[in-house]
Amino acid sequence: MASPPLSVVVVNWNRRELLRACLRSLMKQTKVQFRLIVVDNGSTDGSAEMVSSEFPAAVLIRNRKNLGFCQANNQGIRAAGGERIALLNNDAEAEPEFLFELERVFDGDDEIGMAAAKIVMFSDPRRIDKAGHLIWPDGQNRGRGTGAWDAGQFEQQEEVLWPDGCGAMYRRSMLDEIGGFDEDFFAYGDDAELGLRARIAGWKCIYNPRAVVRHHHSSTLGTGSVKRLALIERNRVLLAAKLFPWSLLWLNPFYYLQRLASGALAAASGQGEAASFPGAGGKLRLVFALFSGDLQALPLLPKMLHKRRTLVRKLSQQETKELILENRISLKELSTQAARASAPANEDCLRCGSTEAVILLEGTDRLYHTTTARFQVARCRVCGLARLSPRPEPAQLDRFYPGNYWFDPAEDTASRWAERYRRLVLQDHVNFVVEAHRNASGSGPVLDVGCGGGLLPGMLRERGLPAMGLDSSQQACKIAWRRHHVPALQADLTNAPFPSESFSLITLFHVLEHLPDPGAYLDAARELLTPHGHLVVQVPNMDCWQFRLLGQRWNGLDIPRHLTDFRGADVGFFLEKHGFEVVRRKHFSLRDNPAGLATSLAPSLDPMARRIKGKPASLFHNAAYLALTAAALPFALLEAACGHGSSIMLEARKR
């Protein structure tokens, strides 16, 4: 049987679930027949096995290692049959007529070599990801309309510079003439190099807005990835050296400096590429990435200059220059596009209600590895409150918490020493709570919300305070009673079966940041407190030096379990709004601040993370973690003394 006239190539690397959704969308294509080719780049997450079992009709090419986007696509193109070859990213899902509409582009015009799809954001299809491409005269290319709201401005079928490789179709005779992807590019900018090379050879590209793809933007490495930015910068230099006319190439440093200056101005207002690299440490990593990319390009320049002598050319040097300048992106658009592309979901800020926000960073679960999915942290443009965006649904949130998300030491030597250490560092909390109970002028009980295994309320009871616990886990409540004789109830504070004015003091240690609605908990706490009752709250403090230096690696973000990332001013605002008056603040916690820095630097050493992941506790690992924590102590003390500790503890009285 003859091969269909169309083949589709999908390249994958460790994105099994996204790949499954991508291939399912291809199975729903209408009005076309095609051959499906999946090239797996040495995935270790079971992607290839999933393709074999669930999509047996697909041609599966399995590489032993990650060969990159370019080489893998070339493998797929060589295995493809027919005169049309479509590419679809593994993190994209195609609408049912995607292939049919792209194939129609080629009808009646033999000079059309490429077809571009309308690519929209998966998280919000009302926003454009790319509608073809534009370029800046230093070689930096960007999607046309990236991040813009889709108001019908890209509904015209028209000629564009080249298609985005996320969703594109190519004429085989064009690829036979000019060659496939340049494998020296590895990934990023590869579709730009192929597209501009094709234009220089006289081929046209047509954009069809009816061919629609939904794309998980930057899901492979993330917008804040140093490796990603270094590759983009390296390939920018290589593209210009290989394809640009000499009249533009000599001006490349001038255009490059122009773009950097514009980006620096955008960064001052939290926009542009720099928005993905928050804090001083993030800016240093950004500069390092650019410098690293330039250094990586240097040894490849002679090879690129040799390749430019072998190009298939139908456009003159002057015509190539005019093509680039006619499709030039504006500096303003270039500088603000990165922030626009990663604009968060349209959600109300919990503090001020604004929907205007900017993405600070992207990250995943570094600590417990409950998911490999990437998440965004957005900051409100009006009040500055940061949040996970979009907020996960409650059922999804449950999957991000390990089943034993509390401390329950074993009977071995390492665990006994771990409990002694926890008791030592918790004295800080105990002293704060004892003083708060004294300030509450009452002898009523203390309720520790989110008590876990009950160590803190147990220590409070040892100090003579009538303490009890509340936790969402029945198992944690049982451990609290078994180990510390703490009466603990499984319940949510908003529906806990206690009469009004039952407690003199309520503690919320590292609770508010996990809640979809922190205000509801504060209202419930106020209802349960006596008229002179006090509330103790502790949260990670995003206004800390650790976050400024470490960015997405700061443990206080705890993506994706922390839904809101507070600063001290934010917590004070919420307490005042919900009927409390702040009477005391503390920026240092012996338990949390130095240990948090240690976990940020070496999450694999964190004792609880090791236990949750089933790795046995050992004196060696505990000693290494303790040594790193001790080394972090001076820095943690200094930032706290300057009012920028990595956690903040507040005592507030009921008004």
# chains A, B, ... in the order shown; residues from 1 in each chain; ligands from 1
>>> residues_around(residues="range 130-139 of chain A", least_positions_apart="6", cutoff="9 Å", atoms="only C-alpha atoms", output="ChimeraX atom specification")
/A:116-121,145-147,154,159-164,192,205-209,235-241,244,248-249,251-256,259,324-325,327-331,334
>>> residues_around(residues="Gly450 in chain A", least_positions_apart="2", cutoff="7 Å", atoms="only C-alpha atoms", output="JSON, numbers by chain")
{"A": [448, 452, 470, 471, 511]}
>>> write_last_selection(atoms="N, CA, C and O atoms", output="tab-separated table (two decimals), in the first residue's frame")
chain	number	residue	atom	x	y	z
A	448	ASP	N	-3.51	24.36	67.94
A	448	ASP	CA	-2.47	24.39	66.91
A	448	ASP	C	-3.06	23.82	65.62
A	448	ASP	O	-3.29	22.61	65.51
A	452	GLY	N	0.13	18.35	62.40
A	452	GLY	CA	0.95	17.24	61.94
A	452	GLY	C	1.05	16.16	62.99
A	452	GLY	O	0.05	15.74	63.58
A	470	LEU	N	-5.25	20.33	65.45
A	470	LEU	CA	-6.23	20.19	64.38
A	470	LEU	C	-5.45	19.91	63.10
A	470	LEU	O	-4.48	20.60	62.80
A	471	ASP	N	-5.86	18.88	62.37
A	471	ASP	CA	-5.14	18.56	61.14
A	471	ASP	C	-6.11	17.90	60.16
A	471	ASP	O	-7.11	17.29	60.56
A	511	VAL	N	0.48	27.62	57.47
A	511	VAL	CA	-0.83	27.15	57.04
A	511	VAL	C	-1.40	28.04	55.94
A	511	VAL	O	-1.86	27.55	54.90
>>> select_by_dssp(residues="range 163-365 of chain A", states="strand (DSSP E)", output="compact mmCIF listing (two decimals) with N, CA, C and O atoms, in the first residue's frame")
# COMPACT_ATOMS: atom_id res chain seq x y z
N GLY A 167 3.99 24.02 15.35
CA GLY A 167 2.92 23.51 14.49
C GLY A 167 3.11 24.06 13.09
O GLY A 167 2.79 25.22 12.82
N ALA A 168 3.68 23.25 12.21
CA ALA A 168 4.04 23.74 10.88
C ALA A 168 3.95 22.60 9.87
O ALA A 168 3.88 21.43 10.23
N MET A 169 3.96 22.99 8.58
CA MET A 169 4.00 22.00 7.51
C MET A 169 4.98 22.48 6.44
O MET A 169 5.07 23.67 6.16
N TYR A 170 5.75 21.51 5.90
CA TYR A 170 6.77 21.83 4.91
C TYR A 170 6.57 20.97 3.65
O TYR A 170 6.11 19.84 3.73
N ARG A 171 6.96 21.55 2.51
CA ARG A 171 6.95 20.82 1.25
C ARG A 171 8.24 20.01 1.15
O ARG A 171 9.34 20.54 1.35
N LYS A 204 8.15 30.58 -0.27
CA LYS A 204 7.23 31.43 0.50
C LYS A 204 6.63 30.66 1.67
O LYS A 204 6.60 29.42 1.66
N CYS A 205 6.13 31.42 2.65
CA CYS A 205 5.42 30.82 3.79
C CYS A 205 4.06 31.51 3.92
O CYS A 205 3.98 32.74 3.92
N ILE A 206 3.00 30.72 4.06
CA ILE A 206 1.64 31.25 4.21
C ILE A 206 1.09 30.84 5.57
O ILE A 206 1.18 29.67 5.97
N TYR A 207 0.52 31.81 6.24
CA TYR A 207 -0.12 31.59 7.55
C TYR A 207 -1.61 31.35 7.35
O TYR A 207 -2.29 32.11 6.65
N ASN A 208 -2.13 30.26 7.96
CA ASN A 208 -3.56 29.95 7.88
C ASN A 208 -4.15 29.98 9.29
O ASN A 208 -3.88 29.09 10.11
N PRO A 209 -4.98 30.97 9.62
CA PRO A 209 -5.52 31.09 10.98
C PRO A 209 -6.50 30.00 11.35
O PRO A 209 -6.86 29.85 12.52
N ARG A 210 -6.95 29.21 10.36
CA ARG A 210 -7.91 28.14 10.66
C ARG A 210 -7.22 26.85 11.09
O ARG A 210 -7.88 25.90 11.51
N ALA A 211 -5.89 26.83 10.99
CA ALA A 211 -5.11 25.70 11.49
C ALA A 211 -4.63 26.07 12.89
O ALA A 211 -3.70 26.86 13.06
N VAL A 212 -5.30 25.54 13.91
CA VAL A 212 -5.10 26.02 15.28
C VAL A 212 -4.44 24.94 16.14
O VAL A 212 -4.81 23.76 16.09
N VAL A 213 -3.49 25.39 16.94
CA VAL A 213 -2.77 24.52 17.88
C VAL A 213 -2.78 25.20 19.24
O VAL A 213 -2.57 26.41 19.35
N ARG A 214 -3.01 24.40 20.29
CA ARG A 214 -2.92 24.91 21.67
C ARG A 214 -1.60 24.42 22.27
O ARG A 214 -1.31 23.23 22.28
N HIS A 215 -0.82 25.37 22.79
CA HIS A 215 0.57 25.08 23.16
C HIS A 215 0.83 25.39 24.63
O HIS A 215 0.48 26.46 25.12
N ALA A 357 -1.43 41.05 36.38
CA ALA A 357 -0.30 40.38 37.04
C ALA A 357 0.78 40.07 36.02
O ALA A 357 0.54 40.07 34.81
N VAL A 358 1.98 39.81 36.53
CA VAL A 358 3.10 39.43 35.68
C VAL A 358 3.72 38.15 36.25
O VAL A 358 3.76 37.96 37.47
N ILE A 359 4.17 37.27 35.38
CA ILE A 359 4.80 36.04 35.81
C ILE A 359 6.22 36.35 36.31
O ILE A 359 7.01 36.97 35.60
N LEU A 360 6.52 35.93 37.53
CA LEU A 360 7.86 36.09 38.08
C LEU A 360 8.79 34.96 37.65
O LEU A 360 9.95 35.18 37.33
N LEU A 361 8.27 33.75 37.69
CA LEU A 361 9.13 32.59 37.45
C LEU A 361 8.29 31.36 37.18
O LEU A 361 7.07 31.38 37.35
N GLU A 362 8.95 30.31 36.77
CA GLU A 362 8.33 29.00 36.61
C GLU A 362 9.14 27.99 37.41
O GLU A 362 10.35 28.15 37.58
N GLY A 363 8.48 26.99 37.92
CA GLY A 363 9.19 25.96 38.67
C GLY A 363 8.36 24.71 38.81
O GLY A 363 7.20 24.65 38.37
>>> closest_residue(among="A:Leu290, A:Ala525, A:Leu426, A:Leu447", to="Pro487 in chain A", atoms="only C-alpha atoms")
A:Leu447
>>> closest_residue(among="A:Ala264, A:Ala491, A:Ala21, A:Ile128", to="Gly152 in chain A", atoms="only C-alpha atoms")
A:Ile128
>>> atom_distance(atom1="CA of Tyr421 in chain A", atom2="CA of Asp558 in chain A")
22.4 Å
>>> closest_residue(among="A:His514, A:Lys613, A:Arg381, A:His216", to="Pro540 in chain A", atoms="only C-alpha atoms")
A:His514
>>> atom_distance(atom1="CA of Phe432 in chain A", atom2="CA of His534 in chain A")
12.0 Å
>>> residues_around(residues="Lys314 in chain A", least_positions_apart="5", cutoff="8 Å", atoms="only C-alpha atoms", output="VMD selection string")
chain A and resid 200 to 202
>>> write_last_selection(atoms="all heavy atoms", output="mmCIF file, in the first residue's frame")
data_model
loop_
_atom_site.group_PDB
_atom_site.id
_atom_site.type_symbol
_atom_site.label_atom_id
_atom_site.label_comp_id
_atom_site.auth_asym_id
_atom_site.auth_seq_id
_atom_site.Cartn_x
_atom_site.Cartn_y
_atom_site.Cartn_z
ATOM 1 N N ILE A 200 15.475 32.657 1.703
ATOM 2 C CA ILE A 200 16.610 33.075 0.875
ATOM 3 C C ILE A 200 16.654 32.256 -0.414
ATOM 4 O O ILE A 200 17.049 32.751 -1.472
ATOM 5 C CB ILE A 200 17.918 32.937 1.679
ATOM 6 C CG1 ILE A 200 17.946 33.971 2.810
ATOM 7 C CG2 ILE A 200 19.145 33.095 0.785
ATOM 8 C CD1 ILE A 200 19.088 33.783 3.788
ATOM 9 N N ALA A 201 16.189 30.987 -0.318
ATOM 10 C CA ALA A 201 16.153 30.121 -1.507
ATOM 11 C C ALA A 201 14.932 30.385 -2.380
ATOM 12 O O ALA A 201 14.732 29.699 -3.393
ATOM 13 C CB ALA A 201 16.173 28.657 -1.071
ATOM 14 N N GLY A 202 14.104 31.365 -2.003
ATOM 15 C CA GLY A 202 12.992 31.772 -2.856
ATOM 16 C C GLY A 202 11.648 31.160 -2.509
ATOM 17 O O GLY A 202 10.660 31.397 -3.208
#
>>> select_by_dssp(residues="range 300-381 of chain A", states="alpha helix (DSSP H)", output="PyMOL selection string")
chain A and resi 301-308+317-326+331-341
>>> closest_residue(among="A:Ala94, A:Ala627, A:Leu350, A:Met649", to="Leu388 in chain A", atoms="only C-alpha atoms")
A:Leu350
>>> residues_around(residues="Pro518 in chain A", least_positions_apart="3", cutoff="10 Å", atoms="only C-alpha atoms", output="VMD selection string")
chain A and resid 350 511 to 515 521 to 523 563 to 564 571 574
>>> closest_residue(among="A:Asp184, A:Lys654, A:Cys477, A:Ser25", to="Glu501 in chain A", atoms="only C-alpha atoms")
A:Lys654
